[in-house]
>>> print(open('query35.txt').read())   # compact mmCIF, C-alpha atoms
# COMPACT_ATOMS: atom_id res chain seq x y z
CA MET Q 146 -19.29 -20.52 43.57
CA THR Q 147 -22.11 -22.46 41.92
CA ARG Q 148 -23.58 -21.08 38.70
CA SER Q 149 -27.23 -21.74 37.95
CA SER Q 150 -29.33 -21.38 34.83
CA PHE Q 151 -33.08 -20.84 34.90
CA PRO Q 152 -34.57 -21.26 31.41
CA GLY Q 153 -37.95 -20.02 32.63
CA GLY Q 154 -36.46 -16.67 33.67
CA PHE Q 155 -37.14 -14.51 36.71
CA ARG Q 156 -40.54 -12.85 36.64
CA GLU Q 157 -39.47 -10.00 38.93
CA GLY Q 158 -35.97 -9.63 37.49
CA VAL Q 159 -32.72 -10.16 39.38
CA ASN Q 160 -30.82 -7.85 41.75
CA ILE Q 161 -27.33 -8.61 43.04
CA ARG Q 162 -26.26 -6.38 45.93
CA GLY Q 163 -28.92 -3.94 44.87
CA VAL Q 164 -27.77 -3.75 41.23
CA PRO Q 165 -30.22 -5.01 38.60
CA VAL Q 166 -28.85 -7.56 36.16
CA GLU Q 167 -29.79 -6.65 32.63
CA ILE Q 168 -29.56 -8.92 29.57
CA PRO Q 169 -29.07 -6.60 26.57
CA HIS Q 170 -29.29 -9.32 23.95
CA SER Q 171 -31.72 -12.06 23.02
CA GLY Q 172 -29.36 -14.87 22.12
CA GLU Q 173 -26.85 -17.25 23.63
CA VAL Q 174 -23.49 -16.21 25.08
CA PHE Q 175 -20.26 -18.02 24.23
CA TRP Q 176 -16.79 -17.40 25.65
CA VAL Q 177 -13.38 -17.71 23.97
CA ASN Q 178 -10.03 -17.73 25.78
CA ASN Q 179 -6.69 -19.29 24.95
CA SER Q 180 -4.62 -17.14 27.31
CA GLY Q 181 -2.96 -18.41 30.45
CA ILE Q 182 -5.20 -16.24 32.64
CA LEU Q 183 -8.24 -18.30 33.49
CA ALA Q 184 -11.57 -17.47 35.01
CA LYS Q 185 -11.75 -18.22 38.71
CA GLY Q 186 -12.39 -21.93 38.96
CA GLY Q 187 -12.09 -22.23 35.20
CA VAL Q 188 -10.09 -24.39 32.81
CA GLY Q 189 -8.05 -23.57 29.73
CA GLY Q 190 -9.77 -22.88 26.45
CA ALA Q 191 -10.50 -25.84 24.21
CA ASN Q 192 -12.95 -26.38 21.39
CA GLY Q 193 -14.12 -29.50 23.17
CA ASN Q 194 -15.41 -27.31 26.02
CA PRO Q 195 -19.03 -26.09 26.16
CA GLY Q 196 -17.99 -22.46 25.60
CA THR Q 197 -19.02 -21.17 29.01
CA TYR Q 198 -17.26 -18.57 31.13
CA THR Q 199 -15.34 -21.20 33.11
CA LYS Q 200 -14.97 -23.64 30.19
CA PRO Q 201 -14.39 -21.46 27.13
CA PHE Q 202 -13.69 -22.33 23.53
CA SER Q 203 -10.16 -21.71 22.24
CA THR Q 204 -10.93 -20.10 18.86
CA ILE Q 205 -13.32 -17.46 17.60
CA ASP Q 206 -14.17 -19.34 14.42
CA TYR Q 207 -15.30 -22.39 16.39
CA ALA Q 208 -17.52 -20.20 18.55
CA ILE Q 209 -19.12 -18.70 15.45
CA GLY Q 210 -20.02 -22.20 14.33
CA LYS Q 211 -21.99 -22.72 17.54
CA CYS Q 212 -24.15 -19.63 16.97
CA THR Q 213 -27.64 -19.52 15.50
CA ALA Q 214 -28.39 -17.02 12.76
CA SER Q 215 -30.33 -13.86 13.67
CA ARG Q 216 -30.83 -14.91 17.31
CA GLY Q 217 -28.53 -12.18 18.60
CA ASP Q 218 -25.79 -14.47 19.90
CA VAL Q 219 -22.76 -12.87 21.54
CA ILE Q 220 -19.20 -14.15 21.60
CA TYR Q 221 -17.05 -12.66 24.37
CA VAL Q 222 -13.30 -12.92 23.77
CA MET Q 223 -11.33 -12.77 27.00
CA PRO Q 224 -8.44 -10.38 27.77
CA GLY Q 225 -5.08 -11.73 26.61
CA HIS Q 226 -6.56 -13.98 23.95
CA SER Q 227 -4.44 -14.20 20.80
CA GLU Q 228 -4.89 -16.30 17.72
CA THR Q 229 -3.19 -16.43 14.34
CA ILE Q 230 -4.97 -17.00 11.04
CA THR Q 231 -3.13 -17.84 7.83
CA THR Q 232 -5.89 -18.21 5.23
CA ASP Q 233 -8.68 -16.21 3.67
CA GLY Q 234 -11.56 -16.87 6.06
CA GLY Q 235 -9.36 -18.22 8.82
CA ILE Q 236 -12.04 -16.58 10.90
CA ALA Q 237 -15.23 -16.72 8.84
CA VAL Q 238 -18.11 -14.71 10.28
CA ASP Q 239 -20.84 -16.51 8.36
CA VAL Q 240 -23.69 -16.47 10.90
CA ALA Q 241 -26.02 -13.48 10.76
CA GLY Q 242 -26.57 -11.25 13.77
CA VAL Q 243 -23.50 -12.33 15.74
CA SER Q 244 -21.56 -9.88 17.93
CA ILE Q 245 -17.90 -10.64 18.65
CA ILE Q 246 -16.78 -8.50 21.57
CA GLY Q 247 -13.26 -8.31 22.89
CA LEU Q 248 -12.73 -7.68 26.60
CA GLY Q 249 -9.79 -5.85 28.11
CA ASN Q 250 -7.97 -2.59 27.52
CA GLY Q 251 -4.65 -1.67 25.92
CA THR Q 252 -2.33 -4.62 25.48
CA LEU Q 253 -4.89 -6.91 27.10
CA ARG Q 254 -7.31 -6.60 24.20
CA PRO Q 255 -7.74 -9.78 22.17
CA VAL Q 256 -5.46 -9.92 19.12
CA VAL Q 257 -6.08 -11.51 15.72
CA ILE Q 258 -2.74 -11.94 13.92
CA LEU Q 259 -2.79 -12.31 10.14
CA ASP Q 260 0.25 -14.26 8.98
CA SER Q 261 1.82 -16.52 6.34
CA ALA Q 262 -0.19 -15.35 3.30
CA VAL Q 263 -1.32 -12.13 1.64
CA ALA Q 264 -4.84 -13.59 1.52
CA ALA Q 265 -5.10 -14.14 5.28
CA ALA Q 266 -8.25 -12.33 6.37
CA VAL Q 267 -11.28 -12.25 8.62
CA THR Q 268 -14.21 -12.65 6.24
CA VAL Q 269 -17.70 -11.35 7.02
CA SER Q 270 -20.28 -12.93 4.72
CA ALA Q 271 -23.33 -12.71 7.02
CA ALA Q 272 -25.43 -9.62 7.69
CA ASN Q 273 -25.85 -7.60 10.89
CA VAL Q 274 -22.52 -8.53 12.46
CA THR Q 275 -20.56 -6.52 15.04
CA LEU Q 276 -16.80 -6.67 15.68
CA GLN Q 277 -15.82 -4.71 18.77
CA ASN Q 278 -12.64 -3.97 20.75
CA LEU Q 279 -10.32 -6.28 18.80
CA GLU Q 280 -6.79 -5.70 17.52
CA PHE Q 281 -5.98 -6.87 14.00
CA ARG Q 282 -2.23 -7.22 13.52
CA ALA Q 283 -0.35 -7.78 10.24
CA SER Q 284 2.54 -10.23 10.52
CA PHE Q 285 3.18 -10.79 6.81
CA ALA Q 286 4.09 -8.52 3.91
CA ASP Q 287 1.23 -6.83 2.03
CA VAL Q 288 -1.69 -8.67 3.60
CA THR Q 289 -4.52 -7.65 1.29
CA ASN Q 290 -6.94 -6.70 4.05
CA ALA Q 291 -7.71 -7.43 7.67
CA ILE Q 292 -11.49 -7.60 7.22
CA ASP Q 293 -13.13 -8.63 3.95
CA VAL Q 294 -16.84 -7.77 4.12
CA THR Q 295 -19.37 -9.09 1.61
CA ALA Q 296 -22.57 -8.60 3.62
CA ALA Q 297 -24.73 -5.70 4.79
CA TRP Q 298 -24.71 -3.87 8.12
CA LEU Q 299 -21.32 -4.77 9.48
CA THR Q 300 -20.26 -2.63 12.45
CA VAL Q 301 -16.56 -2.36 13.27
CA ASP Q 302 -16.37 -0.55 16.60
CA SER Q 303 -13.34 0.48 18.69
CA CYS Q 304 -10.93 -1.83 16.87
CA GLU Q 305 -7.27 -1.19 16.11
CA PHE Q 306 -5.17 -2.13 13.06
CA THR Q 307 -1.42 -2.48 13.58
CA GLU Q 308 1.73 -3.72 11.84
CA GLU Q 309 4.37 -5.80 13.57
CA ALA Q 310 7.12 -4.04 11.59
CA ALA Q 311 7.93 -2.50 8.23
CA ASP Q 312 7.13 -4.97 5.44
CA LEU Q 313 4.66 -6.72 7.76
CA ASN Q 314 1.61 -4.77 6.78
CA PHE Q 315 -1.91 -4.47 5.47
CA VAL Q 316 -2.74 -2.94 2.09
CA ASP Q 317 -6.26 -1.98 3.19
CA TYR Q 318 -7.79 -2.48 6.61
CA ILE Q 319 -11.42 -3.01 5.66
CA HIS Q 320 -12.34 -4.02 2.12
CA ALA Q 321 -15.87 -4.31 0.77
CA SER Q 322 -14.52 -6.58 -1.94
CA SER Q 323 -17.64 -7.74 -3.78
CA THR Q 324 -18.10 -6.07 -7.16
CA THR Q 325 -21.87 -6.53 -6.85
CA ASP Q 326 -23.40 -3.17 -5.98
CA ASN Q 327 -24.88 -2.64 -2.51
CA THR Q 328 -23.55 -5.89 -1.07
CA ALA Q 329 -21.96 -4.09 1.89
CA ASP Q 330 -24.63 -1.44 2.49
CA GLY Q 331 -24.86 -0.09 6.03
CA LEU Q 332 -21.18 -0.53 6.85
CA HIS Q 333 -20.34 1.35 10.07
CA VAL Q 334 -16.71 1.99 11.09
CA VAL Q 335 -16.59 3.95 14.34
CA ASP Q 336 -13.93 4.88 16.90
CA CYS Q 337 -11.22 2.76 15.29
CA VAL Q 338 -7.47 3.40 15.05
CA GLY Q 339 -4.97 2.52 12.34
CA THR Q 340 -1.25 3.27 12.23
CA ALA Q 341 0.71 2.36 9.12
CA ILE Q 342 4.49 2.44 8.72
CA ASP Q 343 4.85 0.56 5.44
CA ALA Q 344 4.72 2.25 2.03
CA ALA Q 345 2.34 -0.36 0.61
CA GLN Q 346 -0.54 0.80 2.81
CA ASN Q 347 -3.38 2.22 0.71
CA SER Q 348 -6.48 3.07 2.73
CA PHE Q 349 -8.49 2.45 5.85
CA ILE Q 350 -11.65 1.50 3.95
CA MET Q 351 -11.95 0.42 0.32
CA THR Q 352 -15.15 -0.40 -1.56
CA ALA Q 353 -15.24 -2.20 -4.92
CA ALA Q 354 -18.92 -1.47 -5.61
CA ASP Q 355 -21.69 1.03 -4.99
CA ILE Q 356 -22.44 1.36 -1.30
CA ASP Q 357 -25.31 3.01 0.58
CA ARG Q 358 -25.60 4.35 4.14
CA ILE Q 359 -21.99 3.92 5.13
CA VAL Q 360 -20.98 5.64 8.38
CA VAL Q 361 -17.32 6.49 9.08
CA GLN Q 362 -17.10 8.31 12.38
CA GLY Q 363 -14.57 9.17 15.06
CA ASN Q 364 -11.64 7.22 13.61
CA TYR Q 365 -7.91 8.00 13.63
CA TYR Q 366 -5.59 6.96 10.81
CA ALA Q 367 -1.90 7.80 10.52
CA SER Q 368 0.02 6.75 7.43
CA ASP Q 369 3.28 8.63 7.17
CA HIS Q 370 4.37 7.89 3.63
CA GLY Q 371 3.69 9.15 0.14
CA ASN Q 372 1.75 6.25 -1.38
CA THR Q 373 -1.37 6.48 0.76
CA LEU Q 374 -4.72 6.80 -0.97
CA ALA Q 375 -7.75 8.38 0.70
CA PHE Q 376 -9.01 7.32 4.13
CA PHE Q 377 -12.11 6.01 2.31
CA GLU Q 378 -11.30 4.95 -1.25
CA VAL Q 379 -14.07 4.26 -3.77
CA THR Q 380 -13.24 2.20 -6.85
CA ALA Q 381 -13.48 4.14 -10.11
CA GLY Q 382 -16.99 4.15 -11.56
CA LYS Q 383 -18.68 3.41 -8.24
CA THR Q 384 -20.99 5.64 -6.20
CA VAL Q 385 -21.69 6.14 -2.50
CA THR Q 386 -25.10 7.34 -1.35
CA ASP Q 387 -26.28 8.72 2.00
CA VAL Q 388 -22.72 8.56 3.28
CA LEU Q 389 -21.88 10.07 6.68
CA ILE Q 390 -18.18 10.76 7.30
CA THR Q 391 -17.63 12.83 10.42
CA HIS Q 392 -15.06 13.63 13.14
CA ASN Q 393 -12.23 11.58 11.71
CA VAL Q 394 -8.55 12.51 12.00
CA PHE Q 395 -6.29 11.49 9.12
CA TYR Q 396 -2.57 12.08 8.76
CA THR Q 397 -0.94 11.15 5.46
CA GLY Q 398 2.49 11.61 3.97
CA ALA Q 399 1.01 11.77 0.47
CA THR Q 400 1.99 14.80 -1.59
CA GLY Q 401 -0.40 14.48 -4.55
CA ASP Q 402 -4.14 14.86 -5.02
CA VAL Q 403 -5.32 11.69 -3.25
CA GLY Q 404 -8.73 12.86 -2.12
CA GLY Q 405 -7.89 13.18 1.57
CA ILE Q 406 -10.70 11.82 3.69
CA ALA Q 407 -12.66 10.32 0.77
CA ASN Q 408 -12.00 9.77 -2.92
CA GLY Q 409 -14.13 8.68 -5.89
CA ASN Q 410 -14.58 9.73 -9.49
CA GLN Q 411 -18.37 9.79 -9.85
CA THR Q 412 -20.50 12.93 -9.61
CA ASP Q 413 -23.74 11.52 -8.19
CA ASN Q 414 -22.61 10.73 -4.63
CA THR Q 415 -24.84 11.89 -1.78
CA GLY Q 416 -24.43 12.46 1.95
CA VAL Q 417 -22.44 14.58 4.38
CA VAL Q 418 -18.71 14.87 5.05
CA ALA Q 419 -18.17 17.08 8.08
CA HIS Q 420 -15.81 18.03 10.93
CA ASN Q 421 -12.85 15.98 9.71
CA ARG Q 422 -9.21 16.94 10.24
CA ILE Q 423 -6.59 16.07 7.60
CA GLY Q 424 -2.84 16.60 7.80
CA HIS Q 425 -1.12 16.04 4.44
CA HIS Q 426 1.76 17.21 2.24
CA ASP Q 427 -0.02 18.37 -0.90
CA THR Q 428 0.92 22.04 -1.19
CA SER Q 429 -0.19 22.53 -4.81
CA GLY Q 430 -3.78 21.30 -5.18
CA GLU Q 431 -5.22 20.41 -1.83
CA VAL Q 432 -8.43 18.36 -1.96
CA LEU Q 433 -9.73 17.11 1.36
CA CYS Q 434 -12.76 15.31 -0.04
CA ASP Q 435 -13.20 14.25 -3.65
CA LEU Q 436 -16.74 12.84 -3.59
CA ASP Q 437 -18.70 15.09 -5.92
CA GLY Q 438 -22.30 15.49 -4.83
CA VAL Q 439 -21.84 15.28 -1.05
CA ARG Q 440 -22.27 18.31 1.22
CA GLN Q 441 -19.22 19.38 3.20
CA PHE Q 442 -19.06 21.25 6.49
CA ASP Q 443 -16.07 22.37 8.57
CA ASN Q 444 -13.41 20.07 7.17
CA LEU Q 445 -9.96 21.39 8.08
CA GLY Q 446 -6.70 20.56 6.38
CA VAL Q 447 -3.08 21.61 6.58
CA ALA Q 448 0.01 20.73 4.55
CA THR Q 449 2.63 22.20 6.89
CA ASP Q 450 3.91 20.68 10.12
CA THR Q 451 3.07 22.66 13.29
CA ALA Q 452 0.62 24.88 11.37
CA SER Q 453 -3.10 25.06 12.14
CA GLY Q 454 -5.65 23.70 9.69
CA TYR Q 455 -8.02 25.77 7.59
CA ILE Q 456 -11.35 25.04 5.92
CA LEU Q 457 -11.22 23.34 2.54
CA PRO Q 458 -13.11 23.93 0.38
CA ALA Q 459 -13.68 27.50 1.48
CA ILE Q 460 -17.08 28.24 3.02
CA ASP Q 461 -19.88 28.19 0.42
CA SER Q 462 -17.52 27.55 -2.48
>>> encode(input="query35.txt", output="structure tokens")
Amino acid sequence: MTRSSFPGGFREGVNIRGVPVEIPHSGEVFWVNNSGILAKGGVGGANGNPGTYTKPFSTIDYAIGKCTASRGDVIYVMPGHSETITTDGGIAVDVAGVSIIGLGNGTLRPVVILDSAVAAAVTVSAANVTLQNLEFRASFADVTNAIDVTAAWLTVDSCEFTEEAADLNFVDYIHASSTTDNTADGLHVVDCVGTAIDAAQNSFIMTAADIDRIVVQGNYYASDHGNTLAFFEVTAGKTVTDVLITHNVFYTGATGDVGGIANGNQTDNTGVVAHNRIGHHDTSGEVLCDLDGVRQFDNLGVATDTASGYILPAIDS
């Protein structure tokens, strides 16, 4: 098959077998693949390649370096791709407006393995970035975080966070680590999954500064031990505004007042926390959401195995 490129475009659009071909982005497309399964007629991934479908790059970070800021470039990562990073910024998403999209389902999803150092991390320092359908796997003890975000409007969509074994773990999955307020505004974490088996795991999302317009929606987080903090943990003295936390499921082995789905110590937070489900082991002072100032609707919690959840706080209390 011969592939053609027409920079001038097609005035009447393109149909293939009656199906219109749509281009949902304005930028360039780059491909990454270091697996042994190649595109038909393709060659193995190498950073000396042009980054096309049949001649892909071998690493995500190299592909990012070929992108142009704010053009809407897309990096497709092929099924079966796996790469290991061992340093802070081993993958550095430092080009604004880039989308990194993993292809494949289940065990075929691309995997980013964080190994050899607690500081190993994917860093996001450019705005308006999307990370989609990727697995982030801890392969070292107490890796500080999988994703360290210091820029606005990051979307983490349909990603999974896993541990290779006990003592090979993350402390936090996503950390807005800058202490400068509003650096990570607009953070969206949607339809993601995290399963923790190590006692050092703290939270799914941690912010070190004030944050505005964060959306945490449709995620599942299971951490079956007693040291877990809240699903969304806010550093003491910091405030979240216009937060939307909805339809998350959180199971924790924690027995104390850890704030459940969200925890902070300020009183001027704003937003909505609704329709979340929390299984926990705090039978004395259950608090499902400790973000004073937000409005809460239909959040159910239960501290007993096999029992059904009930609304906390009670309606209109």
>>> closest_residue(input="query35.txt", among="Q:Gln362, Q:Val394, Q:Phe376, Q:Leu332", to="Val417 in chain Q", atoms="only C-alpha atoms")
Q:Gln362
>>> residues_around(input="query35.txt", residues="range 197-200 of chain Q", least_positions_apart="3", cutoff="8 Å", atoms="all atoms listed in the file", output="ChimeraX atom specification")
/Q:174-176,183-191,194
>>> residues_around(input="query35.txt", residues="range 227-234 of chain Q", least_positions_apart="2", cutoff="12 Å", atoms="only C-alpha atoms", output="MDAnalysis selection string")
chainID Q and resid 177:181 190 203:206 222:225 236:239 247 252:270 279:285 288:295
>>> closest_residue(input="query35.txt", among="Q:Val335, Q:Val361, Q:Ile423, Q:Leu433", to="Gly454 in chain Q", atoms="all atoms listed in the file")
Q:Ile423
>>> residues_near_point(input="query35.txt", point="(-10.0, 23.2, 7.2)", cutoff="8 Å", atoms="all atoms listed in the file", output="ChimeraX atom specification")
/Q:422-423,443-447,454-458
>>> build_atoms(input="query35.txt", residues="range 292-304 of chain Q", atoms="N, CA and C atoms", output="PDB file, keeping the file's coordinate frame")
ATOM      1  N   ILE Q 292     -10.079  -7.206   7.219  1.00  0.00           N
ATOM      2  CA  ILE Q 292     -11.490  -7.600   7.220  1.00  0.00           C
ATOM      3  C   ILE Q 292     -12.021  -7.486   5.799  1.00  0.00           C
ATOM      4  N   ASP Q 293     -12.528  -8.585   5.281  1.00  0.00           N
ATOM      5  CA  ASP Q 293     -13.130  -8.630   3.950  1.00  0.00           C
ATOM      6  C   ASP Q 293     -14.630  -8.804   4.128  1.00  0.00           C
ATOM      7  N   VAL Q 294     -15.404  -7.742   3.860  1.00  0.00           N
ATOM      8  CA  VAL Q 294     -16.840  -7.770   4.120  1.00  0.00           C
ATOM      9  C   VAL Q 294     -17.622  -7.890   2.822  1.00  0.00           C
ATOM     10  N   THR Q 295     -18.504  -8.878   2.773  1.00  0.00           N
ATOM     11  CA  THR Q 295     -19.370  -9.090   1.610  1.00  0.00           C
ATOM     12  C   THR Q 295     -20.823  -9.248   2.058  1.00  0.00           C
ATOM     13  N   ALA Q 296     -21.200  -8.528   3.103  1.00  0.00           N
ATOM     14  CA  ALA Q 296     -22.570  -8.600   3.620  1.00  0.00           C
ATOM     15  C   ALA Q 296     -22.936  -7.237   4.197  1.00  0.00           C
ATOM     16  N   ALA Q 297     -24.237  -7.011   4.354  1.00  0.00           N
ATOM     17  CA  ALA Q 297     -24.730  -5.700   4.790  1.00  0.00           C
ATOM     18  C   ALA Q 297     -24.688  -5.550   6.307  1.00  0.00           C
ATOM     19  N   TRP Q 298     -24.566  -4.291   6.729  1.00  0.00           N
ATOM     20  CA  TRP Q 298     -24.710  -3.870   8.120  1.00  0.00           C
ATOM     21  C   TRP Q 298     -23.677  -4.490   9.052  1.00  0.00           C
ATOM     22  N   LEU Q 299     -22.428  -4.454   8.587  1.00  0.00           N
ATOM     23  CA  LEU Q 299     -21.320  -4.770   9.480  1.00  0.00           C
ATOM     24  C   LEU Q 299     -20.960  -3.522  10.271  1.00  0.00           C
ATOM     25  N   THR Q 300     -20.768  -3.689  11.591  1.00  0.00           N
ATOM     26  CA  THR Q 300     -20.260  -2.630  12.450  1.00  0.00           C
ATOM     27  C   THR Q 300     -18.885  -3.031  12.975  1.00  0.00           C
ATOM     28  N   VAL Q 301     -17.897  -2.183  12.718  1.00  0.00           N
ATOM     29  CA  VAL Q 301     -16.560  -2.360  13.270  1.00  0.00           C
ATOM     30  C   VAL Q 301     -16.348  -1.221  14.259  1.00  0.00           C
ATOM     31  N   ASP Q 302     -16.304  -1.553  15.531  1.00  0.00           N
ATOM     32  CA  ASP Q 302     -16.370  -0.550  16.600  1.00  0.00           C
ATOM     33  C   ASP Q 302     -15.164  -0.690  17.527  1.00  0.00           C
ATOM     34  N   SER Q 303     -14.436   0.411  17.705  1.00  0.00           N
ATOM     35  CA  SER Q 303     -13.340   0.480  18.690  1.00  0.00           C
ATOM     36  C   SER Q 303     -12.287  -0.604  18.466  1.00  0.00           C
ATOM     37  N   CYS Q 304     -11.977  -0.872  17.209  1.00  0.00           N
ATOM     38  CA  CYS Q 304     -10.930  -1.830  16.870  1.00  0.00           C
ATOM     39  C   CYS Q 304      -9.662  -1.095  16.439  1.00  0.00           C
TER      40      CYS Q 304
END
